[in-house]
$ cat entry32.cif   # mmCIF, C-alpha atoms
data_input
#
loop_
_atom_site.group_PDB
_atom_site.id
_atom_site.type_symbol
_atom_site.label_atom_id
_atom_site.label_comp_id
_atom_site.auth_asym_id
_atom_site.auth_seq_id
_atom_site.Cartn_x
_atom_site.Cartn_y
_atom_site.Cartn_z
ATOM 1 C CA MET N 16 169.562 130.428 45.599
ATOM 2 C CA GLY N 17 170.641 128.228 42.715
ATOM 3 C CA ILE N 18 173.091 129.367 40.038
ATOM 4 C CA ILE N 19 173.892 127.431 36.868
ATOM 5 C CA THR N 20 176.355 128.580 34.216
ATOM 6 C CA VAL N 21 176.238 126.883 30.834
ATOM 7 C CA ALA N 22 179.286 127.220 28.603
ATOM 8 C CA ARG N 23 178.580 126.144 25.068
ATOM 9 C CA GLY N 24 180.288 125.913 21.755
ATOM 10 C CA SER N 25 178.629 127.497 18.760
ATOM 11 C CA TYR N 26 175.559 125.618 17.509
ATOM 12 C CA THR N 27 175.526 123.006 20.284
ATOM 13 C CA TYR N 28 171.915 123.316 21.549
ATOM 14 C CA GLY N 29 173.240 125.152 24.598
ATOM 15 C CA GLN N 30 170.634 127.900 24.473
ATOM 16 C CA GLU N 31 167.762 125.452 24.058
ATOM 17 C CA ILE N 32 169.008 123.326 26.946
ATOM 18 C CA SER N 33 169.500 126.362 29.193
ATOM 19 C CA GLU N 34 166.023 127.685 28.526
ATOM 20 C CA LYS N 35 164.433 124.304 29.238
ATOM 21 C CA VAL N 36 166.441 123.841 32.437
ATOM 22 C CA ALA N 37 165.381 127.291 33.631
ATOM 23 C CA LYS N 38 161.736 126.580 32.850
ATOM 24 C CA THR N 39 161.835 123.225 34.643
ATOM 25 C CA LEU N 40 163.467 124.676 37.768
ATOM 26 C CA GLY N 41 161.514 127.931 37.744
ATOM 27 C CA TYR N 42 164.724 129.929 37.294
ATOM 28 C CA ASP N 43 165.424 133.049 35.260
ATOM 29 C CA CYS N 44 167.415 132.456 32.077
ATOM 30 C CA ILE N 45 169.850 135.147 30.976
ATOM 31 C CA SER N 46 172.490 135.615 28.305
ATOM 32 C CA ARG N 47 172.489 138.632 26.009
ATOM 33 C CA GLU N 48 170.786 140.724 28.705
ATOM 34 C CA VAL N 49 174.139 140.916 30.525
ATOM 35 C CA ILE N 50 175.846 142.524 27.541
ATOM 36 C CA LEU N 51 172.969 144.925 26.949
ATOM 37 C CA GLU N 52 172.998 146.112 30.562
ATOM 38 C CA ALA N 53 176.798 146.376 30.673
ATOM 39 C CA SER N 54 176.663 148.459 27.505
ATOM 40 C CA GLU N 55 174.169 150.825 29.105
ATOM 41 C CA VAL N 56 175.744 151.013 32.572
ATOM 42 C CA PHE N 57 179.296 151.650 31.342
ATOM 43 C CA ASN N 58 178.344 153.583 28.191
ATOM 44 C CA ILE N 59 180.215 151.225 25.872
ATOM 45 C CA PRO N 60 178.941 150.194 22.419
ATOM 46 C CA GLU N 61 177.365 146.760 22.574
ATOM 47 C CA ILE N 62 179.472 145.534 19.658
ATOM 48 C CA LYS N 63 182.680 146.145 21.631
ATOM 49 C CA LEU N 64 181.445 144.015 24.531
ATOM 50 C CA ILE N 65 180.329 141.247 22.176
ATOM 51 C CA GLN N 66 183.737 141.278 20.484
ATOM 52 C CA ALA N 67 185.436 141.162 23.879
ATOM 53 C CA ILE N 68 183.654 137.905 24.695
ATOM 54 C CA GLU N 69 183.519 136.238 21.290
ATOM 55 C CA ASP N 70 186.737 137.283 19.503
ATOM 56 C CA ALA N 71 190.236 136.127 20.319
ATOM 57 C CA PRO N 72 192.507 138.932 21.565
ATOM 58 C CA SER N 73 194.558 140.692 18.939
ATOM 59 C CA ILE N 74 198.105 141.957 19.477
ATOM 60 C CA PHE N 75 196.628 145.444 19.904
ATOM 61 C CA ASP N 76 194.177 144.232 22.557
ATOM 62 C CA ARG N 77 196.946 142.581 24.550
ATOM 63 C CA PHE N 78 198.946 145.794 24.414
ATOM 64 C CA THR N 79 196.171 148.148 25.473
ATOM 65 C CA GLN N 80 194.352 145.755 27.808
ATOM 66 C CA GLY N 81 191.171 146.918 26.074
ATOM 67 C CA LYS N 82 189.627 143.468 25.986
ATOM 68 C CA LYS N 83 190.271 142.864 29.682
ATOM 69 C CA LYS N 84 188.568 146.152 30.499
ATOM 70 C CA TYR N 85 185.414 145.214 28.580
ATOM 71 C CA MET N 86 185.425 141.766 30.161
ATOM 72 C CA ALA N 87 185.700 143.362 33.605
ATOM 73 C CA TYR N 88 182.632 145.506 32.922
ATOM 74 C CA THR N 89 180.650 142.521 31.666
ATOM 75 C CA ARG N 90 181.680 140.471 34.691
ATOM 76 C CA ALA N 91 180.478 143.179 37.078
ATOM 77 C CA VAL N 92 177.007 143.184 35.531
ATOM 78 C CA LEU N 93 176.803 139.384 35.359
ATOM 79 C CA LEU N 94 177.662 139.056 39.048
ATOM 80 C CA GLU N 95 174.889 141.501 39.912
ATOM 81 C CA PHE N 96 172.462 139.266 38.021
ATOM 82 C CA LEU N 97 173.752 136.147 39.772
ATOM 83 C CA THR N 98 173.342 137.598 43.279
ATOM 84 C CA ARG N 99 169.585 137.508 42.691
ATOM 85 C CA GLY N 100 169.828 133.718 42.638
ATOM 86 C CA ASP N 101 167.764 131.031 40.904
ATOM 87 C CA VAL N 102 169.283 131.808 37.522
ATOM 88 C CA VAL N 103 170.698 129.981 34.516
ATOM 89 C CA TYR N 104 173.316 131.932 32.578
ATOM 90 C CA HIS N 105 174.283 130.595 29.170
ATOM 91 C CA GLY N 106 177.197 132.121 27.374
ATOM 92 C CA PHE N 107 180.837 131.555 26.697
ATOM 93 C CA ALA N 108 182.538 133.112 29.707
ATOM 94 C CA GLY N 109 180.237 132.564 32.689
ATOM 95 C CA HIS N 110 182.339 129.937 34.457
ATOM 96 C CA PHE N 111 185.432 132.178 34.353
ATOM 97 C CA PHE N 112 183.607 134.886 36.289
ATOM 98 C CA VAL N 113 182.442 132.868 39.308
ATOM 99 C CA GLU N 114 185.560 130.859 40.118
ATOM 100 C CA GLY N 115 185.590 129.901 43.783
ATOM 101 C CA ILE N 116 181.835 130.218 44.419
ATOM 102 C CA SER N 117 180.961 126.737 45.630
ATOM 103 C CA HIS N 118 177.222 126.642 44.952
ATOM 104 C CA VAL N 119 177.556 127.491 41.241
ATOM 105 C CA LEU N 120 176.936 124.490 38.999
ATOM 106 C CA LYS N 121 179.199 124.798 35.935
ATOM 107 C CA ILE N 122 178.051 123.000 32.795
ATOM 108 C CA LEU N 123 179.792 122.454 29.449
ATOM 109 C CA ILE N 124 177.657 121.585 26.419
ATOM 110 C CA THR N 125 179.232 120.193 23.269
ATOM 111 C CA ALA N 126 177.609 118.478 20.305
ATOM 112 C CA ASP N 127 178.339 116.044 17.509
ATOM 113 C CA ILE N 128 180.156 117.922 14.742
ATOM 114 C CA LYS N 129 177.814 116.579 12.067
ATOM 115 C CA LYS N 130 174.824 117.986 13.931
ATOM 116 C CA ARG N 131 176.567 121.325 14.337
ATOM 117 C CA ILE N 132 177.406 121.519 10.647
ATOM 118 C CA SER N 133 173.824 120.699 9.681
ATOM 119 C CA LEU N 134 172.511 123.430 11.995
ATOM 120 C CA VAL N 135 174.816 126.040 10.463
ATOM 121 C CA MET N 136 174.025 124.947 6.903
ATOM 122 C CA GLU N 137 170.311 125.250 7.568
ATOM 123 C CA ARG N 138 170.515 128.510 9.476
ATOM 124 C CA ASP N 139 172.886 130.389 7.167
ATOM 125 C CA LYS N 140 172.008 128.634 3.879
ATOM 126 C CA ILE N 141 175.653 127.835 3.176
ATOM 127 C CA SER N 142 177.600 124.805 1.951
ATOM 128 C CA ARG N 143 178.974 122.061 4.173
ATOM 129 C CA LYS N 144 182.522 123.293 3.584
ATOM 130 C CA GLU N 145 181.617 126.871 4.530
ATOM 131 C CA ALA N 146 179.788 125.689 7.643
ATOM 132 C CA THR N 147 182.757 123.564 8.719
ATOM 133 C CA LEU N 148 185.169 126.475 8.276
ATOM 134 C CA LEU N 149 182.877 128.805 10.252
ATOM 135 C CA ILE N 150 182.614 126.406 13.200
ATOM 136 C CA ASP N 151 186.385 125.823 13.215
ATOM 137 C CA LYS N 152 186.985 129.577 13.202
ATOM 138 C CA VAL N 153 184.656 130.261 16.138
ATOM 139 C CA ASP N 154 185.991 127.334 18.190
ATOM 140 C CA ASN N 155 189.606 128.354 17.624
ATOM 141 C CA GLN N 156 188.861 131.976 18.503
ATOM 142 C CA ARG N 157 187.329 130.957 21.804
ATOM 143 C CA ARG N 158 190.195 128.610 22.617
ATOM 144 C CA ARG N 159 192.699 131.417 21.956
ATOM 145 C CA TRP N 160 190.524 133.775 24.008
ATOM 146 C CA GLY N 161 190.608 131.533 27.072
ATOM 147 C CA LYS N 162 194.328 130.904 26.827
ATOM 148 C CA ALA N 163 195.206 134.576 26.258
ATOM 149 C CA LEU N 164 193.131 135.963 29.136
ATOM 150 C CA TYR N 165 193.181 133.092 31.648
ATOM 151 C CA GLY N 166 195.907 130.702 30.476
ATOM 152 C CA ILE N 167 193.496 127.775 30.163
ATOM 153 C CA ASP N 168 191.672 125.906 27.427
ATOM 154 C CA PRO N 169 187.941 126.733 27.786
ATOM 155 C CA TRP N 170 187.052 123.309 26.369
ATOM 156 C CA ASP N 171 188.875 121.494 29.176
ATOM 157 C CA PRO N 172 186.154 119.410 30.903
ATOM 158 C CA CYS N 173 188.059 119.663 34.198
ATOM 159 C CA LEU N 174 186.872 123.276 34.453
ATOM 160 C CA TYR N 175 183.275 122.126 34.798
ATOM 161 C CA ASP N 176 181.181 120.093 37.192
ATOM 162 C CA LEU N 177 179.350 118.386 34.351
ATOM 163 C CA SER N 178 180.194 117.999 30.652
ATOM 164 C CA LEU N 179 177.468 116.804 28.268
ATOM 165 C CA HIS N 180 177.934 115.859 24.632
ATOM 166 C CA ILE N 181 174.742 116.107 22.593
ATOM 167 C CA GLY N 182 174.586 113.141 20.257
ATOM 168 C CA ARG N 183 173.481 109.884 21.791
ATOM 169 C CA ILE N 184 172.567 112.036 24.781
ATOM 170 C CA THR N 185 169.558 114.068 23.687
ATOM 171 C CA VAL N 186 168.579 117.606 24.609
ATOM 172 C CA GLU N 187 165.896 116.238 26.930
ATOM 173 C CA ASP N 188 168.422 113.877 28.548
ATOM 174 C CA ALA N 189 170.731 116.835 29.161
ATOM 175 C CA VAL N 190 167.946 118.932 30.685
ATOM 176 C CA ASP N 191 166.921 116.109 33.028
ATOM 177 C CA THR N 192 170.520 115.442 34.087
ATOM 178 C CA ILE N 193 171.317 119.099 34.794
ATOM 179 C CA CYS N 194 168.144 119.545 36.831
ATOM 180 C CA ARG N 195 168.883 116.459 38.933
ATOM 181 C CA VAL N 196 172.504 117.473 39.567
ATOM 182 C CA SER N 197 171.449 121.022 40.475
ATOM 183 C CA ARG N 198 169.433 119.616 43.383
ATOM 184 C CA LEU N 199 172.458 117.928 44.983
ATOM 185 C CA THR N 200 173.472 119.254 48.387
ATOM 186 C CA GLN N 201 176.848 120.524 47.214
ATOM 187 C CA PHE N 202 175.197 122.948 44.790
ATOM 188 C CA GLN N 203 172.905 124.544 47.360
ATOM 189 C CA ALA N 204 173.812 127.993 48.616
ATOM 190 C CA SER N 205 175.180 128.274 52.138
ATOM 191 C CA ALA N 206 175.820 131.305 54.297
ATOM 192 C CA GLU N 207 179.515 130.948 53.489
ATOM 193 C CA SER N 208 179.077 130.665 49.714
ATOM 194 C CA GLU N 209 176.629 133.594 49.614
ATOM 195 C CA LYS N 210 179.134 135.689 51.582
ATOM 196 C CA ALA N 211 181.840 134.716 49.072
ATOM 197 C CA LEU N 212 179.634 135.839 46.181
ATOM 198 C CA GLN N 213 178.799 139.163 47.841
ATOM 199 C CA ASP N 214 182.493 139.766 48.554
ATOM 200 C CA MET N 215 183.318 138.916 44.945
ATOM 201 C CA VAL N 216 180.779 141.479 43.713
ATOM 202 C CA ILE N 217 182.415 144.184 45.842
ATOM 203 C CA ALA N 218 185.922 143.127 44.772
ATOM 204 C CA VAL N 219 185.007 143.381 41.100
ATOM 205 C CA LYS N 220 183.482 146.839 41.610
ATOM 206 C CA VAL N 221 186.648 148.023 43.339
ATOM 207 C CA GLU N 222 188.841 146.497 40.625
ATOM 208 C CA ASN N 223 186.809 148.301 37.975
ATOM 209 C CA PHE N 224 187.028 151.560 39.918
ATOM 210 C CA LEU N 225 190.835 151.258 39.946
ATOM 211 C CA LEU N 226 191.146 149.769 36.464
ATOM 212 C CA ASP N 227 193.269 152.604 35.086
ATOM 213 C CA ALA N 228 194.902 153.657 38.363
ATOM 214 C CA LYS N 229 198.601 153.291 39.068
ATOM 215 C CA PRO N 230 200.226 151.272 40.474
ATOM 216 C CA VAL N 231 198.442 147.969 39.919
ATOM 217 C CA VAL N 232 196.829 146.559 43.069
ATOM 218 C CA ASP N 233 195.427 143.188 44.023
ATOM 219 C CA VAL N 234 191.972 143.476 45.595
ATOM 220 C CA ARG N 235 190.716 141.119 48.295
ATOM 221 C CA VAL N 236 187.428 141.460 50.130
ATOM 222 C CA ASP N 237 186.515 139.649 53.325
ATOM 223 C CA ASN N 238 183.130 140.197 54.930
ATOM 224 C CA LYS N 239 182.741 143.440 52.905
ATOM 225 C CA PHE N 240 186.085 144.848 54.122
ATOM 226 C CA VAL N 241 188.432 145.746 51.247
ATOM 227 C CA TYR N 242 192.153 145.011 51.316
ATOM 228 C CA LEU N 243 194.393 146.555 48.644
ATOM 229 C CA LYS N 244 197.813 145.027 48.016
ATOM 230 C CA PRO N 245 199.863 147.276 45.687
ATOM 231 C CA SER N 246 202.628 146.016 43.418
ATOM 232 C CA VAL N 247 204.961 148.688 44.868
ATOM 233 C CA ARG N 248 205.088 150.668 48.105
ATOM 234 C CA LEU N 249 202.563 153.544 48.102
ATOM 235 C CA SER N 250 203.219 157.126 49.146
ATOM 236 C CA GLU N 251 200.573 159.164 50.966
ATOM 237 C CA SER N 252 200.019 161.166 47.775
ATOM 238 C CA SER N 253 199.689 158.168 45.444
ATOM 239 C CA GLU N 254 196.612 157.879 43.256
ATOM 240 C CA ILE N 255 195.429 154.711 45.020
ATOM 241 C CA VAL N 256 195.579 156.290 48.499
ATOM 242 C CA CYS N 257 193.864 159.453 47.287
ATOM 243 C CA ARG N 258 190.975 157.457 45.848
ATOM 244 C CA MET N 259 190.273 155.238 48.864
ATOM 245 C CA GLY N 260 187.710 157.627 50.332
ATOM 246 C CA GLU N 261 186.047 157.930 46.955
ATOM 247 C CA ILE N 262 185.779 154.160 46.732
ATOM 248 C CA ILE N 263 183.882 153.968 50.031
ATOM 249 C CA LYS N 264 181.531 156.768 48.987
ATOM 250 C CA THR N 265 180.893 155.334 45.521
ATOM 251 C CA ILE N 266 180.507 151.604 46.184
ATOM 252 C CA PRO N 267 177.702 150.620 48.592
ATOM 253 C CA ASP N 268 178.100 148.128 51.446
ATOM 254 C CA ILE N 269 181.864 148.494 51.956
ATOM 255 C CA ARG N 270 182.664 148.324 55.688
ATOM 256 C CA GLY N 271 186.166 149.722 55.337
ATOM 257 C CA ILE N 272 189.285 149.772 53.192
ATOM 258 C CA GLU N 273 192.950 149.203 54.000
ATOM 259 C CA VAL N 274 196.259 149.038 52.136
ATOM 260 C CA ILE N 275 198.346 145.996 53.073
ATOM 261 C CA SER N 276 201.916 145.062 52.187
#
$ encode --input "entry32.cif" --output "structure tokens"
Amino acid sequence: MGIITVARGSYTYGQEISEKVAKTLGYDCISREVILEASEVFNIPEIKLIQAIEDAPSIFDRFTQGKKKYMAYTRAVLLEFLTRGDVVYHGFAGHFFVEGISHVLKILITADIKKRISLVMERDKISRKEATLLIDKVDNQRRRWGKALYGIDPWDPCLYDLSLHIGRITVEDAVDTICRVSRLTQFQASAESEKALQDMVIAVKVENFLLDAKPVVDVRVDNKFVYLKPSVRLSESSEIVCRMGEIIKTIPDIRGIEVIS
């Protein structure tokens, strides 16, 4: 049950590498499908989900938490895809969504700036200056995005198991390297890591169910049992307590639910 996430800057050959890795390993390769399914499942316009992933948060977004809500919906769908196993996901935010799952191989793909500029110039039929400005804009947006939502720089190589810079290293070199690393023992699924992924899926579903509920609660799941830790003491008539039975009925596989202090 292999899982590979490929984070990539704009115009860095990340999609091509992901597709070739998936073909070599016999894995599924997904990206935009996650957004399309999230749009359908949660009845949200696709453009809003795309903006949530690709655009840096605005002051309005930080105030309303709108971007975090759309990211939560996208994460829920992505995790459902990943539980099927043997999958390569390429996109900007994949590694954020599976933190703590030991058998996920996290890859960062970057590329020589001259190659990136040439790709943009050819694709969009624009000048070198325009292409440079476009790449800078996208890169800065994504850096601001990561820092605003998670407090980290998404281009920090320490967030990944393997960082590859396409230049002297070719696309084919990158594909071969990723495939070889993916076969290492530490990136094979274990009973413990599969349990952690299943618990994460349930936790995200519960978090989404309580997204607009008050007060805010931390959600922890252990062996499909849900623990809710509220930010303040709950009364018997509080919204969270009243919705606990609904959570069990709505979300499959939950063994039980408990409020803890």
$ residues_around --input "entry32.cif" --residues "Glu273 (chain N)" --least-positions-apart "4" --cutoff "8 Å" --atoms "all atoms listed in the file" --output "PDB file with C-alpha atoms, in the frame of the given file"
ATOM      1  CA  VAL N 241     188.432 145.746  51.247  1.00  0.00           C
ATOM      2  CA  TYR N 242     192.153 145.011  51.316  1.00  0.00           C
ATOM      3  CA  LEU N 243     194.393 146.555  48.644  1.00  0.00           C
TER       4      LEU N 243
END
$ atom_distance --input "entry32.cif" --atom1 "CA of Tyr28 (chain N)" --atom2 "CA of Phe202 (chain N)"
23.5 Å
$ closest_residue --input "entry32.cif" --among "N:Thr98, N:Asn238, N:Ser197, N:Ser208" --to "Leu120 (chain N)" --atoms "all atoms listed in the file"
N:Ser197
$ resolve_selection --input "entry32.cif" --expression "the PyMOL selection byres ((chain N and resi 122) around 9)" --output "VMD selection string"
chain N and resid 19 to 23 110 120 to 121 123 to 124 174 to 179 193
$ closest_residue --input "entry32.cif" --among "N:Lys129, N:Tyr88, N:Thr39, N:Lys152" --to "Asn58 (chain N)" --atoms "only C-alpha atoms"
N:Tyr88
$ residues_around --input "entry32.cif" --residues "Glu145 (chain N)" --least-positions-apart "6" --cutoff "10 Å" --atoms "all atoms listed in the file" --output "list of chain:residue names"
N:Ile132, N:Val135, N:Met136, N:Asp139, N:Asp151
$ atom_distance --input "entry32.cif" --atom1 "CA of Ala37 (chain N)" --atom2 "CA of Glu55 (chain N)"
25.5 Å
$ residues_near_point --input "entry32.cif" --point "(199.4, 149.9, 41.6)" --cutoff "7 Å" --atoms "only C-alpha atoms" --output "JSON list (two decimals) with C-alpha atoms, in the frame of the given file"
[["chain", "number", "residue", "atom", "x", "y", "z"],
["N", 228, "ALA", "CA", 194.90, 153.66, 38.36],
["N", 229, "LYS", "CA", 198.60, 153.29, 39.07],
["N", 230, "PRO", "CA", 200.23, 151.27, 40.47],
["N", 231, "VAL", "CA", 198.44, 147.97, 39.92],
["N", 232, "VAL", "CA", 196.83, 146.56, 43.07],
["N", 245, "PRO", "CA", 199.86, 147.28, 45.69],
["N", 246, "SER", "CA", 202.63, 146.02, 43.42],
["N", 247, "VAL", "CA", 204.96, 148.69, 44.87]]
$ closest_residue --input "entry32.cif" --among "N:Ile269, N:Val216, N:Val274, N:Cys257" --to "Leu97 (chain N)" --atoms "all atoms listed in the file"
N:Val216
$ atom_distance --input "entry32.cif" --atom1 "CA of Val49 (chain N)" --atom2 "CA of Thr89 (chain N)"
6.8 Å
$ closest_residue --input "entry32.cif" --among "N:Ser276, N:Gln30, N:Gln156, N:Thr192" --to "Asp233 (chain N)" --atoms "all atoms listed in the file"
N:Ser276
$ closest_residue --input "entry32.cif" --among "N:Leu249, N:Leu93, N:Val103, N:Ile116" --to "Glu207 (chain N)" --atoms "all atoms listed in the file"
N:Ile116
$ closest_residue --input "entry32.cif" --among "N:Val196, N:Ile128, N:Val236, N:Ile45" --to "Gln213 (chain N)" --atoms "all atoms listed in the file"
N:Val236
$ residues_around --input "entry32.cif" --residues "Leu40 (chain N)" --least-positions-apart "3" --cutoff "9 Å" --atoms "only C-alpha atoms" --output "list in words"
Lys35, Val36, Ala37, Asp43, Asp101 and Cys194 of chain N
$ axis_aligned_box --input "entry32.cif" --around "region 21-35 of chain N" --padding-each-side "8 Å" --output "AutoDock Vina command-line options"
--center_x 172.4 --center_y 125.5 --center_z 24.2 --size_x 31.9 --size_y 20.9 --size_z 29.3
$ resolve_selection --input "entry32.cif" --expression "the PyMOL selection byres ((chain N and resi 268) around 12)" --output "list of chain:residue names"
N:Gln213, N:Asp214, N:Val216, N:Ile217, N:Ala218, N:Lys220, N:Val221, N:Val236, N:Asn238, N:Lys239, N:Phe240, N:Val241, N:Ile262, N:Ile263, N:Lys264, N:Thr265, N:Ile266, N:Pro267, N:Ile269, N:Arg270, N:Gly271, N:Ile272
$ residues_near_point --input "entry32.cif" --point "(185.5, 127.4, 27.0)" --cutoff "12 Å" --atoms "all atoms listed in the file" --output "count of residues only"
44
$ resolve_selection --input "entry32.cif" --expression "the PyMOL selection byres ((chain N and resi 201) around 8)" --output "CSV table (one decimal) with C-alpha atoms, in the frame of the given file"
chain,number,residue,atom,x,y,z
N,117,SER,CA,181.0,126.7,45.6
N,118,HIS,CA,177.2,126.6,45.0
N,199,LEU,CA,172.5,117.9,45.0
N,200,THR,CA,173.5,119.3,48.4
N,202,PHE,CA,175.2,122.9,44.8
N,203,GLN,CA,172.9,124.5,47.4
$ build_atoms --input "entry32.cif" --residues "region 237-245 of chain N" --atoms "all heavy atoms" --output "compact mmCIF listing (two decimals), in the coordinates of the input"
# COMPACT_ATOMS: atom_id res chain seq x y z
N ASP N 237 186.94 140.63 52.33
CA ASP N 237 186.52 139.65 53.32
C ASP N 237 185.44 140.27 54.20
O ASP N 237 185.70 141.27 54.89
CB ASP N 237 187.70 139.21 54.18
CG ASP N 237 187.32 138.11 55.16
OD1 ASP N 237 186.28 137.44 54.96
OD2 ASP N 237 188.05 137.92 56.15
N ASN N 238 184.25 139.69 54.15
CA ASN N 238 183.13 140.20 54.93
C ASN N 238 182.90 141.69 54.68
O ASN N 238 182.72 142.47 55.61
CB ASN N 238 183.35 139.92 56.42
CG ASN N 238 182.06 139.98 57.21
OD1 ASN N 238 180.97 139.78 56.66
ND2 ASN N 238 182.16 140.27 58.48
N LYS N 239 182.99 142.08 53.39
CA LYS N 239 182.74 143.44 52.90
C LYS N 239 183.82 144.45 53.31
O LYS N 239 183.62 145.65 53.15
CB LYS N 239 181.35 143.93 53.35
CG LYS N 239 180.21 143.06 52.83
CD LYS N 239 178.85 143.63 53.22
CE LYS N 239 177.74 142.75 52.66
NZ LYS N 239 176.38 143.28 52.98
N PHE N 240 184.95 143.97 53.83
CA PHE N 240 186.08 144.85 54.12
C PHE N 240 187.10 144.67 53.01
O PHE N 240 187.48 143.54 52.68
CB PHE N 240 186.71 144.52 55.48
CG PHE N 240 187.59 145.62 56.01
CD1 PHE N 240 187.12 146.51 56.96
CD2 PHE N 240 188.89 145.78 55.54
CE1 PHE N 240 187.92 147.53 57.45
CE2 PHE N 240 189.70 146.80 56.01
CZ PHE N 240 189.23 147.68 56.97
N VAL N 241 187.57 145.78 52.43
CA VAL N 241 188.43 145.75 51.25
C VAL N 241 189.90 145.88 51.64
O VAL N 241 190.27 146.78 52.40
CB VAL N 241 188.06 146.89 50.27
CG1 VAL N 241 188.99 146.86 49.05
CG2 VAL N 241 186.60 146.77 49.84
N TYR N 242 190.72 144.96 51.11
CA TYR N 242 192.15 145.01 51.32
C TYR N 242 192.83 145.22 49.96
O TYR N 242 192.59 144.46 49.01
CB TYR N 242 192.66 143.72 51.95
CG TYR N 242 192.06 143.45 53.32
CD1 TYR N 242 190.90 142.70 53.45
CD2 TYR N 242 192.66 143.95 54.47
CE1 TYR N 242 190.34 142.45 54.70
CE2 TYR N 242 192.11 143.71 55.73
CZ TYR N 242 190.96 142.96 55.83
OH TYR N 242 190.40 142.72 57.07
N LEU N 243 193.67 146.24 49.87
CA LEU N 243 194.39 146.56 48.64
C LEU N 243 195.87 146.22 48.84
O LEU N 243 196.51 146.72 49.77
CB LEU N 243 194.26 148.04 48.30
CG LEU N 243 192.84 148.60 48.16
CD1 LEU N 243 192.89 150.11 47.88
CD2 LEU N 243 192.07 147.87 47.07
N LYS N 244 196.40 145.39 47.95
CA LYS N 244 197.81 145.03 48.02
C LYS N 244 198.50 145.56 46.76
O LYS N 244 198.37 144.99 45.68
CB LYS N 244 197.99 143.52 48.12
CG LYS N 244 199.45 143.10 48.33
CD LYS N 244 199.57 141.61 48.56
CE LYS N 244 201.02 141.24 48.84
NZ LYS N 244 201.17 139.77 49.08
N PRO N 245 199.24 146.67 46.87
CA PRO N 245 199.86 147.28 45.69
C PRO N 245 201.10 146.51 45.24
O PRO N 245 201.74 145.81 46.04
CB PRO N 245 200.23 148.68 46.18
CG PRO N 245 200.43 148.51 47.64
CD PRO N 245 199.46 147.45 48.09
